[in-house]
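K.L.:
The following file, model38.csv, comprises CSV, N, CA and C atoms:
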```
chain,number,residue,atom,x,y,z
E,1,MET,N,-162.4,-54.8,-103.4
E,1,MET,CA,-161.2,-54.9,-104.1
E,1,MET,C,-160.3,-56.0,-103.5
E,2,GLY,N,-160.5,-56.3,-102.2
E,2,GLY,CA,-159.8,-57.3,-101.5
E,2,GLY,C,-160.1,-58.7,-102.1
E,3,VAL,N,-161.3,-58.9,-102.4
E,3,VAL,CA,-161.7,-60.2,-103.0
E,3,VAL,C,-161.0,-60.3,-104.4
E,4,LEU,N,-160.9,-59.3,-105.1
E,4,LEU,CA,-160.3,-59.3,-106.5
E,4,LEU,C,-158.8,-59.6,-106.4
E,5,ILE,N,-158.2,-59.1,-105.3
E,5,ILE,CA,-156.8,-59.4,-105.1
E,5,ILE,C,-156.6,-60.9,-104.8
E,6,VAL,N,-157.5,-61.4,-103.9
E,6,VAL,CA,-157.4,-62.9,-103.6
E,6,VAL,C,-157.6,-63.7,-104.8
E,7,VAL,N,-158.6,-63.4,-105.7
E,7,VAL,CA,-158.8,-64.1,-106.9
E,7,VAL,C,-157.5,-64.0,-107.8
E,8,HIS,N,-156.9,-62.8,-107.8
E,8,HIS,CA,-155.7,-62.6,-108.6
E,8,HIS,C,-154.6,-63.5,-108.2
E,9,ILE,N,-154.4,-63.6,-106.9
E,9,ILE,CA,-153.4,-64.5,-106.3
E,9,ILE,C,-153.6,-65.9,-106.7
E,10,ILE,N,-154.9,-66.4,-106.5
E,10,ILE,CA,-155.2,-67.8,-106.9
E,10,ILE,C,-155.0,-68.0,-108.4
E,11,ILE,N,-155.3,-67.1,-109.2
E,11,ILE,CA,-155.0,-67.2,-110.7
E,11,ILE,C,-153.5,-67.3,-110.9
E,12,CYS,N,-152.7,-66.5,-110.2
E,12,CYS,CA,-151.3,-66.6,-110.3
E,12,CYS,C,-150.7,-68.0,-110.0
E,13,ILE,N,-151.2,-68.5,-108.9
E,13,ILE,CA,-150.7,-69.8,-108.4
E,13,ILE,C,-151.2,-70.9,-109.4
E,14,LEU,N,-152.4,-70.8,-109.9
E,14,LEU,CA,-152.9,-71.8,-110.9
E,14,LEU,C,-152.1,-71.7,-112.2
E,15,LEU,N,-151.8,-70.5,-112.6
E,15,LEU,CA,-151.0,-70.3,-113.8
E,15,LEU,C,-149.6,-70.9,-113.7
E,16,MET,N,-149.0,-70.7,-112.6
E,16,MET,CA,-147.7,-71.3,-112.4
E,16,MET,C,-147.7,-72.8,-112.4
E,17,ALA,N,-148.8,-73.3,-111.8
E,17,ALA,CA,-148.9,-74.8,-111.7
E,17,ALA,C,-149.1,-75.4,-113.1
E,18,VAL,N,-150.0,-74.7,-113.9
E,18,VAL,CA,-150.3,-75.2,-115.2
E,18,VAL,C,-149.1,-75.1,-116.1
E,19,ILE,N,-148.3,-74.1,-116.0
E,19,ILE,CA,-147.1,-73.9,-116.8
E,19,ILE,C,-146.1,-75.0,-116.5
E,20,LEU,N,-145.9,-75.2,-115.2
E,20,LEU,CA,-144.9,-76.2,-114.8
E,20,LEU,C,-145.3,-77.6,-115.1
E,21,MET,N,-146.6,-77.9,-115.3
E,21,MET,CA,-147.1,-79.2,-115.6
E,21,MET,C,-146.9,-79.5,-117.1
E,22,GLN,N,-146.7,-78.5,-117.9
E,22,GLN,CA,-146.5,-78.8,-119.3
E,22,GLN,C,-145.1,-79.4,-119.6
E,23,SER,N,-145.1,-80.3,-120.6
E,23,SER,CA,-143.9,-80.9,-120.9
E,23,SER,C,-143.7,-80.8,-122.4
E,24,SER,N,-142.5,-80.6,-122.8
E,24,SER,CA,-142.2,-80.5,-124.3
E,24,SER,C,-142.3,-81.8,-125.0
E,25,LYS,N,-142.3,-82.9,-124.3
E,25,LYS,CA,-142.3,-84.3,-124.9
E,25,LYS,C,-143.7,-84.8,-125.0
E,26,GLY,N,-144.7,-84.1,-124.5
E,26,GLY,CA,-146.1,-84.6,-124.7
E,26,GLY,C,-146.5,-85.5,-123.6
E,27,ASP,N,-145.7,-85.8,-122.6
E,27,ASP,CA,-146.2,-86.7,-121.6
E,27,ASP,C,-146.5,-86.0,-120.3
E,28,GLY,N,-146.6,-84.6,-120.3
E,28,GLY,CA,-146.7,-83.8,-119.1
E,28,GLY,C,-147.7,-84.3,-118.1
E,29,MET,N,-149.0,-84.0,-118.2
E,29,MET,CA,-150.0,-84.3,-117.2
E,29,MET,C,-150.4,-85.7,-117.2
E,30,GLY,N,-150.3,-86.4,-118.4
E,30,GLY,CA,-150.6,-87.8,-118.4
E,30,GLY,C,-149.7,-88.6,-117.5
E,31,SER,N,-148.4,-88.3,-117.5
E,31,SER,CA,-147.5,-89.0,-116.6
E,31,SER,C,-147.5,-88.5,-115.2
E,32,ALA,N,-147.9,-87.3,-115.0
E,32,ALA,CA,-148.0,-86.7,-113.7
E,32,ALA,C,-149.1,-87.4,-112.9
E,33,PHE,N,-150.2,-87.9,-113.5
E,33,PHE,CA,-151.3,-88.5,-112.9
E,33,PHE,C,-151.3,-90.0,-113.1
E,34,GLY,N,-150.2,-90.6,-113.3
E,34,GLY,CA,-150.2,-92.1,-113.3
E,34,GLY,C,-150.3,-92.7,-114.7
E,35,GLY,N,-150.1,-91.9,-115.7
E,35,GLY,CA,-150.0,-92.5,-117.1
E,35,GLY,C,-148.8,-93.3,-117.2
E,36,MET,N,-148.9,-94.6,-117.5
E,36,MET,CA,-147.8,-95.5,-117.5
E,36,MET,C,-147.2,-95.7,-118.9
E,37,GLY,N,-147.2,-94.6,-119.6
E,37,GLY,CA,-146.6,-94.7,-121.0
E,37,GLY,C,-147.5,-95.5,-121.9
E,38,GLY,N,-148.8,-95.4,-121.7
E,38,GLY,CA,-149.7,-96.1,-122.6
E,38,GLY,C,-150.0,-95.5,-123.9
E,39,GLY,N,-149.2,-94.5,-124.3
E,39,GLY,CA,-149.4,-93.8,-125.5
E,39,GLY,C,-150.6,-92.9,-125.5
E,40,ASP,N,-151.3,-92.8,-126.6
E,40,ASP,CA,-152.5,-92.0,-126.8
E,40,ASP,C,-153.7,-92.7,-126.4
E,41,THR,N,-153.7,-93.9,-125.8
E,41,THR,CA,-154.9,-94.6,-125.5
E,41,THR,C,-155.4,-94.4,-124.1
E,42,GLY,N,-154.7,-93.7,-123.2
E,42,GLY,CA,-155.1,-93.5,-121.9
E,42,GLY,C,-156.3,-92.5,-121.8
E,43,ALA,N,-156.9,-92.4,-120.7
E,43,ALA,CA,-158.0,-91.5,-120.5
E,43,ALA,C,-157.6,-90.0,-120.6
E,44,PHE,N,-156.3,-89.8,-120.1
E,44,PHE,CA,-155.8,-88.4,-120.2
E,44,PHE,C,-154.4,-88.5,-120.9
E,45,SER,N,-154.5,-88.8,-122.1
E,45,SER,CA,-153.2,-89.1,-122.9
E,45,SER,C,-152.4,-87.8,-123.1
E,46,GLY,N,-151.2,-87.9,-123.6
E,46,GLY,CA,-150.3,-86.8,-123.9
E,46,GLY,C,-151.0,-85.7,-124.7
E,47,ARG,N,-151.6,-86.1,-125.8
E,47,ARG,CA,-152.2,-85.1,-126.7
E,47,ARG,C,-153.4,-84.4,-126.0
E,48,GLU,N,-154.2,-85.1,-125.3
E,48,GLU,CA,-155.3,-84.5,-124.6
E,48,GLU,C,-154.8,-83.6,-123.4
E,49,ALA,N,-153.8,-84.0,-122.7
E,49,ALA,CA,-153.2,-83.2,-121.7
E,49,ALA,C,-152.6,-81.9,-122.2
E,50,ALA,N,-151.9,-82.0,-123.3
E,50,ALA,CA,-151.3,-80.9,-123.9
E,50,ALA,C,-152.4,-79.9,-124.4
E,51,ASN,N,-153.5,-80.3,-125.0
E,51,ASN,CA,-154.5,-79.4,-125.4
E,51,ASN,C,-155.2,-78.8,-124.2
E,52,PHE,N,-155.5,-79.6,-123.2
E,52,PHE,CA,-156.1,-79.0,-121.9
E,52,PHE,C,-155.2,-78.0,-121.3
E,53,LEU,N,-153.9,-78.3,-121.2
E,53,LEU,CA,-152.9,-77.4,-120.5
E,53,LEU,C,-152.7,-76.1,-121.3
E,54,GLN,N,-152.7,-76.2,-122.7
E,54,GLN,CA,-152.6,-75.0,-123.5
E,54,GLN,C,-153.8,-74.1,-123.4
E,55,LYS,N,-155.0,-74.7,-123.4
E,55,LYS,CA,-156.2,-73.9,-123.2
E,55,LYS,C,-156.3,-73.3,-121.8
E,56,SER,N,-155.9,-74.1,-120.8
E,56,SER,CA,-155.9,-73.6,-119.5
E,56,SER,C,-154.9,-72.4,-119.3
E,57,THR,N,-153.7,-72.5,-119.9
E,57,THR,CA,-152.7,-71.5,-119.9
E,57,THR,C,-153.3,-70.2,-120.5
E,58,ILE,N,-153.9,-70.4,-121.7
E,58,ILE,CA,-154.4,-69.2,-122.4
E,58,ILE,C,-155.5,-68.5,-121.5
E,59,GLY,N,-156.4,-69.3,-121.0
E,59,GLY,CA,-157.5,-68.8,-120.2
E,59,GLY,C,-157.1,-68.1,-118.9
E,60,LEU,N,-156.1,-68.7,-118.2
E,60,LEU,CA,-155.6,-68.1,-117.0
E,60,LEU,C,-154.8,-66.9,-117.3
E,61,ALA,N,-154.0,-66.9,-118.4
E,61,ALA,CA,-153.3,-65.7,-118.8
E,61,ALA,C,-154.2,-64.5,-119.1
E,62,VAL,N,-155.3,-64.8,-119.8
E,62,VAL,CA,-156.2,-63.7,-120.2
E,62,VAL,C,-156.9,-63.2,-118.9
E,63,ALA,N,-157.2,-64.1,-118.0
E,63,ALA,CA,-157.9,-63.7,-116.7
E,63,ALA,C,-156.9,-62.9,-115.9
E,64,PHE,N,-155.6,-63.3,-115.9
E,64,PHE,CA,-154.5,-62.6,-115.1
E,64,PHE,C,-154.4,-61.2,-115.6
E,65,PHE,N,-154.4,-61.0,-117.0
E,65,PHE,CA,-154.2,-59.6,-117.5
E,65,PHE,C,-155.5,-58.8,-117.3
E,66,LEU,N,-156.6,-59.4,-117.4
E,66,LEU,CA,-157.9,-58.6,-117.2
E,66,LEU,C,-158.0,-58.1,-115.8
E,67,ILE,N,-157.7,-59.0,-114.8
E,67,ILE,CA,-157.8,-58.7,-113.4
E,67,ILE,C,-156.7,-57.7,-113.1
E,68,SER,N,-155.5,-57.8,-113.7
E,68,SER,CA,-154.5,-56.8,-113.4
E,68,SER,C,-154.9,-55.4,-113.8
E,69,ILE,N,-155.5,-55.3,-115.0
E,69,ILE,CA,-155.9,-54.0,-115.5
E,69,ILE,C,-157.1,-53.5,-114.7
E,70,THR,N,-158.0,-54.4,-114.2
E,70,THR,CA,-159.1,-54.0,-113.4
E,70,THR,C,-158.6,-53.4,-112.0
E,71,ILE,N,-157.7,-54.1,-111.4
E,71,ILE,CA,-157.1,-53.7,-110.1
E,71,ILE,C,-156.4,-52.3,-110.3
E,72,THR,N,-155.7,-52.2,-111.4
E,72,THR,CA,-155.0,-50.9,-111.6
E,72,THR,C,-156.0,-49.8,-111.8
E,73,TYR,N,-157.1,-50.0,-112.6
E,73,TYR,CA,-158.1,-49.0,-112.8
E,73,TYR,C,-158.8,-48.6,-111.5
E,74,LEU,N,-159.2,-49.7,-110.7
E,74,LEU,CA,-159.9,-49.4,-109.5
E,74,LEU,C,-159.0,-48.7,-108.5
E,75,SER,N,-157.8,-49.0,-108.4
E,75,SER,CA,-156.9,-48.3,-107.4
E,75,SER,C,-156.6,-46.9,-107.8
E,76,SER,N,-156.5,-46.7,-109.1
E,76,SER,CA,-156.2,-45.3,-109.6
E,76,SER,C,-157.4,-44.4,-109.5
E,77,SER,N,-158.6,-45.0,-109.7
E,77,SER,CA,-159.8,-44.1,-109.7
E,77,SER,C,-160.2,-43.8,-108.2
E,78,SER,N,-159.9,-44.7,-107.3
E,78,SER,CA,-160.2,-44.4,-105.9
E,78,SER,C,-159.3,-43.5,-105.2
E,79,ALA,N,-158.0,-43.4,-105.7
E,79,ALA,CA,-157.1,-42.5,-105.1
E,79,ALA,C,-157.2,-41.1,-105.6
E,80,ASN,N,-156.9,-40.1,-104.8
E,80,ASN,CA,-156.9,-38.7,-105.3
E,80,ASN,C,-155.6,-38.4,-106.0
E,81,VAL,N,-155.7,-38.5,-107.3
E,81,VAL,CA,-154.5,-38.3,-108.1
E,81,VAL,C,-154.6,-36.8,-108.7
E,82,SER,N,-153.5,-36.1,-108.4
E,82,SER,CA,-153.5,-34.7,-108.9
E,82,SER,C,-152.3,-34.6,-109.9
E,83,ALA,N,-152.4,-33.5,-110.6
E,83,ALA,CA,-151.3,-33.2,-111.6
E,83,ALA,C,-150.0,-32.8,-111.0
E,84,ASP,N,-150.1,-32.2,-109.8
E,84,ASP,CA,-148.9,-31.7,-109.1
E,84,ASP,C,-148.1,-32.9,-108.5
E,85,SER,N,-146.8,-32.7,-108.4
E,85,SER,CA,-146.0,-33.7,-107.8
E,85,SER,C,-146.1,-33.6,-106.3
E,86,VAL,N,-145.6,-34.7,-105.7
E,86,VAL,CA,-145.7,-34.7,-104.2
E,86,VAL,C,-144.9,-33.6,-103.6
E,87,LEU,N,-143.8,-33.2,-104.1
E,87,LEU,CA,-142.9,-32.1,-103.6
E,87,LEU,C,-143.7,-30.8,-103.7
E,88,GLN,N,-144.3,-30.5,-104.9
E,88,GLN,CA,-145.0,-29.3,-105.0
E,88,GLN,C,-146.2,-29.2,-104.1
E,89,GLU,N,-146.8,-30.3,-103.8
E,89,GLU,CA,-148.0,-30.4,-102.9
E,89,GLU,C,-147.5,-30.1,-101.5
E,90,ASN,N,-146.4,-30.7,-101.1
E,90,ASN,CA,-145.9,-30.4,-99.7
E,90,ASN,C,-145.4,-29.0,-99.6
E,91,LEU,N,-144.8,-28.4,-100.6
E,91,LEU,CA,-144.3,-27.1,-100.5
E,91,LEU,C,-145.4,-26.1,-100.4
E,92,SER,N,-146.5,-26.3,-101.1
E,92,SER,CA,-147.6,-25.4,-101.1
E,92,SER,C,-148.4,-25.4,-99.8
E,93,ASN,N,-148.3,-26.5,-99.1
E,93,ASN,CA,-149.1,-26.6,-97.8
E,93,ASN,C,-148.3,-26.0,-96.7
E,94,GLN,N,-147.0,-25.7,-96.8
E,94,GLN,CA,-146.2,-25.2,-95.7
E,94,GLN,C,-146.1,-23.7,-95.9
E,95,PRO,N,-146.2,-22.9,-94.8
E,95,PRO,CA,-145.9,-21.5,-94.9
E,95,PRO,C,-144.4,-21.2,-95.1
E,96,ALA,N,-144.2,-20.1,-95.7
E,96,ALA,CA,-142.8,-19.7,-96.0
E,96,ALA,C,-142.1,-19.4,-94.7
E,97,GLN,N,-140.9,-19.9,-94.6
E,97,GLN,CA,-140.1,-19.6,-93.3
E,97,GLN,C,-139.0,-18.6,-93.6
E,98,GLU,N,-138.9,-17.7,-92.7
E,98,GLU,CA,-137.8,-16.7,-92.8
E,98,GLU,C,-136.6,-17.2,-92.2
E,99,LEU,N,-135.4,-16.8,-92.8
E,99,LEU,CA,-134.1,-17.2,-92.2
E,99,LEU,C,-133.9,-16.3,-91.0
E,100,PRO,N,-133.3,-16.9,-89.9
E,100,PRO,CA,-133.0,-16.2,-88.7
E,100,PRO,C,-131.9,-15.2,-89.0
E,101,VAL,N,-132.0,-14.0,-88.4
E,101,VAL,CA,-131.0,-13.0,-88.5
E,101,VAL,C,-130.1,-13.0,-87.3
E,102,ASN,N,-128.8,-12.9,-87.4
E,102,ASN,CA,-127.9,-12.8,-86.2
E,102,ASN,C,-128.0,-11.4,-85.6
E,103,PRO,N,-128.5,-11.3,-84.4
E,103,PRO,CA,-128.7,-9.9,-83.8
E,103,PRO,C,-127.4,-9.3,-83.4
E,104,ILE,N,-126.3,-10.0,-83.3
E,104,ILE,CA,-125.0,-9.5,-82.8
E,104,ILE,C,-124.2,-9.0,-84.0
E,105,ASP,N,-124.6,-9.4,-85.2
E,105,ASP,CA,-123.8,-9.0,-86.4
E,105,ASP,C,-124.0,-7.5,-86.7
E,106,ASP,N,-122.9,-6.8,-86.6
E,106,ASP,CA,-122.9,-5.3,-86.8
E,106,ASP,C,-122.2,-5.0,-88.1
E,107,GLY,N,-121.8,-6.0,-88.9
E,107,GLY,CA,-121.2,-5.8,-90.2
E,107,GLY,C,-119.7,-5.6,-90.1
E,108,ASN,N,-119.1,-5.6,-88.9
E,108,ASN,CA,-117.6,-5.4,-88.7
E,108,ASN,C,-116.9,-6.7,-88.4
E,109,THR,N,-117.5,-7.8,-88.6
E,109,THR,CA,-116.9,-9.1,-88.3
E,109,THR,C,-116.0,-9.4,-89.4
E,110,THR,N,-114.8,-9.9,-89.1
E,110,THR,CA,-113.8,-10.4,-90.1
E,110,THR,C,-113.5,-11.8,-89.8
E,111,LEU,N,-113.2,-12.6,-90.9
E,111,LEU,CA,-112.8,-14.0,-90.7
E,111,LEU,C,-111.3,-14.1,-90.6
E,112,PRO,N,-110.8,-15.0,-89.8
E,112,PRO,CA,-109.4,-15.2,-89.7
E,112,PRO,C,-108.8,-15.8,-90.9
E,113,ILE,N,-107.7,-15.3,-91.3
E,113,ILE,CA,-107.0,-15.9,-92.5
E,113,ILE,C,-105.8,-16.7,-92.1
E,114,ASP,N,-105.7,-17.9,-92.6
E,114,ASP,CA,-104.6,-18.8,-92.3
E,114,ASP,C,-104.5,-19.1,-90.8
E,115,GLY,N,-105.6,-19.3,-90.2
E,115,GLY,CA,-105.7,-19.7,-88.8
E,115,GLY,C,-105.2,-18.6,-87.8
E,116,ASN,N,-105.0,-17.4,-88.1
E,116,ASN,CA,-104.6,-16.3,-87.2
E,116,ASN,C,-105.8,-15.7,-86.5
```
Could you express the structure from this file as structure tokens?
P.N.:
Amino acid sequence: MGVLIVVHIIICILLMAVILMQSSKGDGMGSAFGGMGGGDTGAFSGREAANFLQKSTIGLAVAFFLISITITYLSSSSANVSADSVLQENLSNQPAQELPVNPIDDGNTTLPIDGN
């Protein structure tokens, strides 16, 4: 499961990078890697970059959700999950404790009224 978490973190970082590289003007990755405004004639033009980044975002997002669900399933199936709450479980494991009885109390004790 440790390897799966490392892959999940790598996918998170890649997903953030791909999203941040996108540009609403169509020059995102083309200008990021030295595209000098050559329009759609460059090797990695704005349109090709946008298509690549959109497909990469979709693929990484799908991988992110699938791995998230897999990690959740594996962690819940390996843990001992019971229907009882944690409080009920702790109370059932402890023996009942009796309250201490005051041995000096003979029933004739009175409480002072108004500080007298």
K.L.:
List the neighbours of Gln54 in chain E out to 12 Å using only C-alpha atoms; skip same-chain residues closer than 3 positions along the sequence, and give me the result as a ChimeraX atom specification.
P.N.:
/E:15,18-24,26,28-29,47-51,57-61
K.L.:
Between atom N of Ser75 in chain E and atom C of Ile10 in chain E, what is the distance in Å, rounded to a tenth?
P.N.:
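Answer for the atom N of Ser75 in chain E to atom C of Ile10 in chain E separation: 19.2 Å.
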K.L.:
What does the distance between CA of Gly2 in chain E and atom N of Ser77 in chain E come to in Å, to one decimal place?
P.N.:
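Answer for the CA of Gly2 in chain E to atom N of Ser77 in chain E separation: 14.8 Å.
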K.L.:
Can you tell me how far atom N of Phe64 in chain E sits from CA of Met1 in chain E, in Å to one decimal?
P.N.:
15.5 Å
